[in-house]
$ cat final_19.tsv   # TSV, N, CA and C atoms
chain	number	residue	atom	x	y	z
J	1	MET	N	14.88	15.23	36.71
J	1	MET	CA	14.40	13.99	37.27
J	1	MET	C	15.50	13.38	38.14
J	2	GLU	N	15.12	12.92	39.30
J	2	GLU	CA	16.07	12.31	40.22
J	2	GLU	C	16.47	10.94	39.70
J	3	THR	N	17.74	10.61	39.80
J	3	THR	CA	18.22	9.31	39.39
J	3	THR	C	18.16	8.36	40.56
J	4	THR	N	17.51	7.22	40.38
J	4	THR	CA	17.41	6.23	41.44
J	4	THR	C	18.57	5.25	41.33
J	5	ASN	N	18.75	4.47	42.39
J	5	ASN	CA	19.79	3.45	42.36
J	5	ASN	C	19.55	2.46	41.23
J	6	SER	N	18.28	2.08	41.01
J	6	SER	CA	17.99	1.14	39.94
J	6	SER	C	18.33	1.72	38.58
J	7	SER	N	18.10	3.01	38.39
J	7	SER	CA	18.45	3.65	37.11
J	7	SER	C	19.95	3.61	36.88
J	8	ARG	N	20.72	3.89	37.92
J	8	ARG	CA	22.18	3.85	37.80
J	8	ARG	C	22.67	2.45	37.48
J	9	ILE	N	22.08	1.47	38.15
J	9	ILE	CA	22.49	0.08	37.91
J	9	ILE	C	22.18	-0.31	36.47
J	10	LEU	N	21.01	0.06	35.98
J	10	LEU	CA	20.64	-0.29	34.61
J	10	LEU	C	21.50	0.42	33.59
J	11	THR	N	21.87	1.66	33.87
J	11	THR	CA	22.73	2.40	32.95
J	11	THR	C	24.09	1.73	32.84
J	12	ILE	N	24.61	1.30	33.97
J	12	ILE	CA	25.94	0.70	34.01
J	12	ILE	C	25.91	-0.75	33.52
J	13	ASN	N	24.86	-1.50	33.89
J	13	ASN	CA	24.85	-2.94	33.67
J	13	ASN	C	23.71	-3.43	32.80
J	14	SER	N	23.26	-2.65	31.84
J	14	SER	CA	22.06	-3.03	31.09
J	14	SER	C	22.18	-4.38	30.38
J	15	GLY	N	23.36	-4.82	30.09
J	15	GLY	CA	23.55	-6.12	29.44
J	15	GLY	C	24.05	-7.19	30.37
J	16	SER	N	24.05	-6.93	31.66
J	16	SER	CA	24.64	-7.87	32.61
J	16	SER	C	23.78	-9.11	32.81
J	17	SER	N	24.40	-10.14	33.31
J	17	SER	CA	23.69	-11.37	33.62
J	17	SER	C	22.63	-11.14	34.70
J	18	ALA	N	22.90	-10.25	35.65
J	18	ALA	CA	21.94	-9.98	36.71
J	18	ALA	C	20.66	-9.37	36.15
J	19	VAL	N	20.79	-8.44	35.22
J	19	VAL	CA	19.62	-7.81	34.60
J	19	VAL	C	18.88	-8.84	33.76
J	20	GLU	N	19.61	-9.66	33.02
J	20	GLU	CA	18.97	-10.71	32.21
J	20	GLU	C	18.21	-11.69	33.10
J	21	LEU	N	18.80	-12.08	34.22
J	21	LEU	CA	18.14	-13.00	35.15
J	21	LEU	C	16.90	-12.36	35.75
J	22	PHE	N	16.99	-11.07	36.11
J	22	PHE	CA	15.84	-10.36	36.65
J	22	PHE	C	14.68	-10.38	35.65
J	23	CYS	N	14.97	-10.05	34.40
J	23	CYS	CA	13.93	-10.01	33.36
J	23	CYS	C	13.33	-11.40	33.13
J	24	TYR	N	14.18	-12.41	33.11
J	24	TYR	CA	13.72	-13.78	32.92
J	24	TYR	C	12.78	-14.20	34.05
J	25	GLN	N	13.19	-13.93	35.29
J	25	GLN	CA	12.36	-14.31	36.44
J	25	GLN	C	11.05	-13.54	36.46
J	26	ALA	N	11.09	-12.25	36.12
J	26	ALA	CA	9.86	-11.45	36.07
J	26	ALA	C	8.92	-11.98	34.99
J	27	LYS	N	9.47	-12.30	33.82
J	27	LYS	CA	8.66	-12.84	32.72
J	27	LYS	C	8.05	-14.18	33.12
J	28	LYS	N	8.84	-15.03	33.75
J	28	LYS	CA	8.36	-16.35	34.18
J	28	LYS	C	7.24	-16.21	35.21
J	29	SER	N	7.41	-15.30	36.16
J	29	SER	CA	6.37	-15.08	37.17
J	29	SER	C	5.11	-14.50	36.54
J	30	LEU	N	5.28	-13.54	35.64
J	30	LEU	CA	4.14	-12.93	34.96
J	30	LEU	C	3.35	-13.98	34.18
J	31	ALA	N	4.05	-14.79	33.39
J	31	ALA	CA	3.38	-15.81	32.58
J	31	ALA	C	2.67	-16.83	33.47
J	32	SER	N	3.27	-17.19	34.59
J	32	SER	CA	2.64	-18.13	35.52
J	32	SER	C	1.36	-17.55	36.09
J	33	LEU	N	1.40	-16.29	36.48
J	33	LEU	CA	0.21	-15.65	37.04
J	33	LEU	C	-0.90	-15.52	35.99
J	34	VAL	N	-0.53	-15.17	34.78
J	34	VAL	CA	-1.53	-15.05	33.71
J	34	VAL	C	-2.18	-16.41	33.47
J	35	ALA	N	-1.39	-17.48	33.48
J	35	ALA	CA	-1.93	-18.82	33.28
J	35	ALA	C	-2.89	-19.20	34.41
J	36	VAL	N	-2.52	-18.92	35.65
J	36	VAL	CA	-3.37	-19.24	36.79
J	36	VAL	C	-4.67	-18.43	36.76
J	37	LEU	N	-4.57	-17.17	36.35
J	37	LEU	CA	-5.74	-16.30	36.29
J	37	LEU	C	-6.63	-16.59	35.08
J	38	GLY	N	-6.08	-17.28	34.10
J	38	GLY	CA	-6.84	-17.56	32.89
J	38	GLY	C	-6.88	-16.40	31.92
J	39	GLY	N	-5.95	-15.48	32.05
J	39	GLY	CA	-5.89	-14.33	31.16
J	39	GLY	C	-5.56	-13.07	31.93
J	40	LEU	N	-5.49	-11.97	31.19
J	40	LEU	CA	-5.07	-10.71	31.79
J	40	LEU	C	-5.73	-9.56	31.04
J	41	ASP	N	-6.21	-8.58	31.77
J	41	ASP	CA	-6.79	-7.39	31.15
J	41	ASP	C	-5.81	-6.23	31.15
J	42	VAL	N	-5.11	-6.04	32.30
J	42	VAL	CA	-4.21	-4.90	32.47
J	42	VAL	C	-2.93	-5.38	33.17
J	43	LEU	N	-1.80	-4.93	32.66
J	43	LEU	CA	-0.50	-5.16	33.28
J	43	LEU	C	0.04	-3.79	33.69
J	44	VAL	N	0.46	-3.67	34.94
J	44	VAL	CA	0.93	-2.38	35.45
J	44	VAL	C	2.38	-2.50	35.89
J	45	PHE	N	3.22	-1.60	35.39
J	45	PHE	CA	4.60	-1.47	35.84
J	45	PHE	C	4.67	-0.24	36.75
J	46	THR	N	5.31	-0.40	37.93
J	46	THR	CA	5.44	0.70	38.88
J	46	THR	C	6.86	0.74	39.43
J	47	ALA	N	7.08	1.70	40.30
J	47	ALA	CA	8.34	1.88	41.04
J	47	ALA	C	9.49	2.25	40.10
J	48	GLY	N	10.69	2.30	40.62
J	48	GLY	CA	11.84	2.80	39.87
J	48	GLY	C	12.05	2.13	38.54
J	49	ILE	N	12.15	0.82	38.54
J	49	ILE	CA	12.38	0.11	37.28
J	49	ILE	C	11.15	0.18	36.41
J	50	GLY	N	9.99	-0.06	36.98
J	50	GLY	CA	8.76	-0.05	36.20
J	50	GLY	C	8.45	1.28	35.57
J	51	GLU	N	8.78	2.38	36.28
J	51	GLU	CA	8.49	3.71	35.77
J	51	GLU	C	9.52	4.23	34.78
J	52	GLN	N	10.79	3.84	34.93
J	52	GLN	CA	11.86	4.51	34.22
J	52	GLN	C	12.70	3.63	33.31
J	53	ALA	N	12.44	2.34	33.26
J	53	ALA	CA	13.32	1.45	32.50
J	53	ALA	C	12.58	0.79	31.34
J	54	ALA	N	12.48	1.53	30.25
J	54	ALA	CA	11.78	1.02	29.06
J	54	ALA	C	12.38	-0.29	28.58
J	55	SER	N	13.69	-0.42	28.63
J	55	SER	CA	14.33	-1.64	28.13
J	55	SER	C	13.95	-2.85	28.99
J	56	ILE	N	13.79	-2.65	30.27
J	56	ILE	CA	13.39	-3.75	31.16
J	56	ILE	C	11.94	-4.15	30.88
J	57	ARG	N	11.06	-3.16	30.74
J	57	ARG	CA	9.67	-3.47	30.41
J	57	ARG	C	9.59	-4.24	29.10
J	58	ARG	N	10.37	-3.79	28.11
J	58	ARG	CA	10.38	-4.47	26.80
J	58	ARG	C	10.87	-5.90	26.94
J	59	ARG	N	11.95	-6.10	27.67
J	59	ARG	CA	12.51	-7.45	27.83
J	59	ARG	C	11.55	-8.38	28.56
J	60	ILE	N	10.85	-7.86	29.56
J	60	ILE	CA	9.90	-8.69	30.31
J	60	ILE	C	8.74	-9.10	29.40
J	61	CYS	N	8.25	-8.18	28.60
J	61	CYS	CA	7.07	-8.45	27.76
J	61	CYS	C	7.40	-9.17	26.46
J	62	ASN	N	8.63	-9.08	25.99
J	62	ASN	CA	9.02	-9.69	24.73
J	62	ASN	C	8.79	-11.21	24.78
J	63	GLY	N	8.06	-11.72	23.79
J	63	GLY	CA	7.79	-13.15	23.73
J	63	GLY	C	6.45	-13.52	24.36
J	64	LEU	N	5.77	-12.57	24.97
J	64	LEU	CA	4.48	-12.86	25.59
J	64	LEU	C	3.31	-12.35	24.74
J	65	GLU	N	3.58	-12.09	23.48
J	65	GLU	CA	2.53	-11.60	22.58
J	65	GLU	C	1.38	-12.60	22.46
J	66	PHE	N	1.69	-13.89	22.55
J	66	PHE	CA	0.65	-14.91	22.45
J	66	PHE	C	-0.35	-14.82	23.61
J	67	MET	N	0.03	-14.10	24.68
J	67	MET	CA	-0.87	-13.86	25.81
J	67	MET	C	-1.58	-12.52	25.68
J	68	GLY	N	-1.34	-11.83	24.58
J	68	GLY	CA	-1.95	-10.52	24.38
J	68	GLY	C	-1.12	-9.38	24.92
J	69	ILE	N	0.09	-9.68	25.37
J	69	ILE	CA	0.99	-8.67	25.95
J	69	ILE	C	1.93	-8.19	24.86
J	70	ASP	N	1.76	-6.93	24.47
J	70	ASP	CA	2.55	-6.37	23.38
J	70	ASP	C	2.92	-4.93	23.73
J	71	VAL	N	4.16	-4.56	23.50
J	71	VAL	CA	4.65	-3.22	23.84
J	71	VAL	C	4.83	-2.40	22.56
J	72	ASP	N	4.32	-1.18	22.57
J	72	ASP	CA	4.50	-0.24	21.47
J	72	ASP	C	5.75	0.59	21.79
J	73	ALA	N	6.82	0.38	21.04
J	73	ALA	CA	8.09	1.07	21.32
J	73	ALA	C	7.94	2.58	21.32
J	74	ALA	N	7.07	3.11	20.46
J	74	ALA	CA	6.88	4.56	20.39
J	74	ALA	C	6.27	5.12	21.67
J	75	HIS	N	5.57	4.28	22.42
J	75	HIS	CA	5.01	4.70	23.70
J	75	HIS	C	5.88	4.29	24.87
J	76	ASN	N	6.59	3.18	24.73
J	76	ASN	CA	7.42	2.64	25.81
J	76	ASN	C	8.65	3.50	26.05
J	77	ASP	N	9.38	3.82	25.00
J	77	ASP	CA	10.66	4.52	25.16
J	77	ASP	C	10.54	5.86	25.88
J	78	PRO	N	9.48	6.67	25.60
J	78	PRO	CA	9.35	7.93	26.36
J	78	PRO	C	8.55	7.79	27.66
J	79	ASN	N	8.28	6.56	28.09
J	79	ASN	CA	7.59	6.30	29.36
J	79	ASN	C	6.17	6.87	29.39
J	80	PHE	N	5.42	6.69	28.31
J	80	PHE	CA	4.02	7.12	28.30
J	80	PHE	C	3.23	6.33	29.34
J	81	PRO	N	2.10	6.85	29.80
J	81	PRO	CA	1.29	6.13	30.80
J	81	PRO	C	0.74	4.80	30.30
J	82	VAL	N	0.46	4.70	29.00
J	82	VAL	CA	0.02	3.43	28.40
J	82	VAL	C	1.01	3.09	27.31
J	83	ILE	N	1.62	1.89	27.41
J	83	ILE	CA	2.68	1.51	26.47
J	83	ILE	C	2.27	0.38	25.54
J	84	SER	N	1.04	-0.08	25.63
J	84	SER	CA	0.54	-1.10	24.70
J	84	SER	C	-0.08	-0.41	23.50
J	85	PRO	N	-0.09	-1.11	22.35
J	85	PRO	CA	-0.72	-0.52	21.16
J	85	PRO	C	-2.22	-0.32	21.36
J	86	ASP	N	-2.80	0.64	20.68
J	86	ASP	CA	-4.25	0.83	20.71
J	86	ASP	C	-4.93	-0.46	20.26
J	87	GLY	N	-5.97	-0.85	20.97
J	87	GLY	CA	-6.72	-2.04	20.61
J	87	GLY	C	-6.09	-3.35	21.06
J	88	SER	N	-5.00	-3.28	21.80
J	88	SER	CA	-4.33	-4.49	22.28
J	88	SER	C	-5.23	-5.22	23.28
J	89	PRO	N	-5.22	-6.56	23.28
J	89	PRO	CA	-6.04	-7.31	24.23
J	89	PRO	C	-5.68	-7.03	25.70
J	90	VAL	N	-4.42	-6.71	25.95
J	90	VAL	CA	-3.95	-6.38	27.30
J	90	VAL	C	-3.44	-4.95	27.29
J	91	THR	N	-3.97	-4.12	28.18
J	91	THR	CA	-3.48	-2.76	28.33
J	91	THR	C	-2.28	-2.79	29.27
J	92	ILE	N	-1.17	-2.21	28.84
J	92	ILE	CA	0.03	-2.15	29.68
J	92	ILE	C	0.21	-0.71	30.11
J	93	ARG	N	0.20	-0.50	31.43
J	93	ARG	CA	0.29	0.85	31.99
J	93	ARG	C	1.59	1.03	32.76
J	94	VAL	N	2.06	2.26	32.79
J	94	VAL	CA	3.21	2.67	33.61
J	94	VAL	C	2.65	3.69	34.60
J	95	MET	N	2.73	3.35	35.89
J	95	MET	CA	2.13	4.22	36.91
J	95	MET	C	3.19	4.66	37.92
J	96	LYS	N	3.17	5.94	38.20
J	96	LYS	CA	4.09	6.49	39.20
J	96	LYS	C	3.67	6.04	40.59
J	97	THR	N	4.65	5.84	41.44
J	97	THR	CA	4.38	5.45	42.82
J	97	THR	C	5.13	6.38	43.76
J	98	ASN	N	4.70	6.40	44.98
J	98	ASN	CA	5.37	7.15	46.03
J	98	ASN	C	5.48	6.21	47.22
J	99	GLU	N	6.52	5.38	47.20
J	99	GLU	CA	6.67	4.36	48.23
J	99	GLU	C	6.78	4.96	49.63
J	100	GLU	N	7.47	6.09	49.74
J	100	GLU	CA	7.64	6.72	51.05
J	100	GLU	C	6.30	7.13	51.64
J	101	LEU	N	5.41	7.68	50.80
J	101	LEU	CA	4.09	8.08	51.26
J	101	LEU	C	3.28	6.86	51.70
J	102	MET	N	3.36	5.79	50.95
J	102	MET	CA	2.61	4.58	51.32
J	102	MET	C	3.13	4.00	52.62
J	103	ILE	N	4.44	3.99	52.82
J	103	ILE	CA	5.01	3.50	54.08
J	103	ILE	C	4.52	4.36	55.24
J	104	ALA	N	4.52	5.68	55.04
J	104	ALA	CA	4.05	6.59	56.08
J	104	ALA	C	2.57	6.34	56.40
J	105	ARG	N	1.75	6.15	55.38
J	105	ARG	CA	0.33	5.88	55.60
J	105	ARG	C	0.10	4.57	56.35
J	106	HIS	N	0.83	3.52	55.95
J	106	HIS	CA	0.68	2.24	56.64
J	106	HIS	C	1.16	2.33	58.08
J	107	THR	N	2.24	3.05	58.30
J	107	THR	CA	2.75	3.24	59.66
J	107	THR	C	1.73	4.00	60.49
J	108	CYS	N	1.15	5.04	59.92
J	108	CYS	CA	0.14	5.82	60.61
J	108	CYS	C	-1.07	4.95	60.95
J	109	ASP	N	-1.50	4.11	60.02
J	109	ASP	CA	-2.62	3.21	60.27
J	109	ASP	C	-2.32	2.28	61.44
J	110	LEU	N	-1.10	1.75	61.47
J	110	LEU	CA	-0.71	0.86	62.57
J	110	LEU	C	-0.69	1.61	63.90
J	111	LEU	N	-0.15	2.81	63.89
J	111	LEU	CA	-0.11	3.61	65.11
J	111	LEU	C	-1.51	3.99	65.57
J	112	ASN	N	-2.37	4.32	64.64
J	112	ASN	CA	-3.75	4.69	64.98
J	112	ASN	C	-4.52	3.50	65.55
J	113	ALA	N	-4.12	2.30	65.18
J	113	ALA	CA	-4.79	1.12	65.71
J	113	ALA	C	-4.51	0.94	67.20
J	114	THR	N	-3.40	1.52	67.67
J	114	THR	CA	-3.03	1.37	69.08
J	114	THR	C	-3.17	2.65	69.87
J	115	SER	N	-3.35	3.79	69.19
J	115	SER	CA	-3.47	5.08	69.87
J	115	SER	C	-4.42	5.98	69.08
J	116	ASP	N	-5.29	6.69	69.78
J	116	ASP	CA	-6.30	7.50	69.10
J	116	ASP	C	-5.73	8.70	68.36
J	117	ASP	N	-4.60	9.25	68.79
J	117	ASP	CA	-4.10	10.48	68.17
J	117	ASP	C	-2.66	10.36	67.68
J	118	ALA	N	-2.24	9.19	67.26
J	118	ALA	CA	-0.84	8.96	66.90
J	118	ALA	C	-0.37	9.79	65.72
J	119	CYS	N	-1.21	9.97	64.70
J	119	CYS	CA	-0.78	10.66	63.48
J	119	CYS	C	-1.52	11.97	63.26
J	120	GLN	N	-2.07	12.54	64.29
J	120	GLN	CA	-2.83	13.80	64.15
J	120	GLN	C	-1.91	14.99	64.16

$ encode --input "final_19.tsv" --output "structure tokens"
Amino acid sequence: METTNSSRILTINSGSSAVELFCYQAKKSLASLVAVLGGLDVLVFTAGIGEQAASIRRRICNGLEFMGIDVDAAHNDPNFPVISPDGSPVTIRVMKTNEELMIARHTCDLLNATSDDACQ
């Protein structure tokens, strides 16, 4: 597995103030969105940190059990596709992404909007 910059940073600084602040801000944003939406059915973690950093996912979700957000450590630590316990009110998923492919597709769409054969 390729090591990303975020993985290296987390390995070196997993207890740092920057990581703690990141988790706090993510948790605060998540809780705010859940409140505005009136609840949540599915929470999805993606990209480098979301896909590979079980400790970050745990820290973000910790304390949000009252919203139905609960992490099953046995599923979280090995990065299973679903990390919430069976029967949990909120399903928590870990989904792989390919940011480079999405950027290429969006770029192609923009080019196609101005030229008929830009990405052919």

$ atom_distance --input "final_19.tsv" --atom1 "atom N of His75 of chain J" --atom2 "atom CA of Arg93 of chain J"
11.5 Å

$ residues_around --input "final_19.tsv" --residues "Ile60 of chain J" --least-positions-apart "6" --cutoff "6 Å" --atoms "only N, CA and C atoms" --output "PyMOL selection string"
chain J and resi 23+26-27

$ atom_distance --input "final_19.tsv" --atom1 "atom N of Leu111 of chain J" --atom2 "atom C of Glu99 of chain J"
16.0 Å

$ axis_aligned_box --input "final_19.tsv" --around "segment 58-64 of chain J" --padding-each-side "8 Å" --output "lines of an AutoDock Vina configuration file"
center_x = 7.9
center_y = -8.7
center_z = 27.0
size_x = 25.2
size_y = 25.7
size_z = 22.6

$ residues_around --input "final_19.tsv" --residues "Arg57 of chain J" --least-positions-apart "5" --cutoff "12 Å" --atoms "only C-alpha atoms" --output "PyMOL selection string"
chain J and resi 19-20+22-24+26-27+30+43-52+62-64+69-73+75-77+79+83-84+92-94

$ residues_around --input "final_19.tsv" --residues "segment 33-39 of chain J" --least-positions-apart "6" --cutoff "10 Å" --atoms "only C-alpha atoms" --output "PyMOL selection string"
chain J and resi 27+67-68+89-90

$ select_by_dssp --input "final_19.tsv" --residues "segment 30-108 of chain J" --states "strand (DSSP E)" --output "ChimeraX atom specification"
/J:42-45,91-94

$ atom_distance --input "final_19.tsv" --atom1 "atom CA of Glu100 of chain J" --atom2 "atom CA of Ile56 of chain J"
23.2 Å

$ select_by_dssp --input "final_19.tsv" --residues "segment 63-114 of chain J" --states "helix (DSSP H, G or I)" --output "NGL selection string"
:J and (65-67 or 73-76 or 99-114)

$ closest_residue --input "final_19.tsv" --among "J:Val42, J:Ala54, J:Leu101, J:Ala31" --to "Phe66 of chain J" --atoms "only C-alpha atoms"
J:Ala31
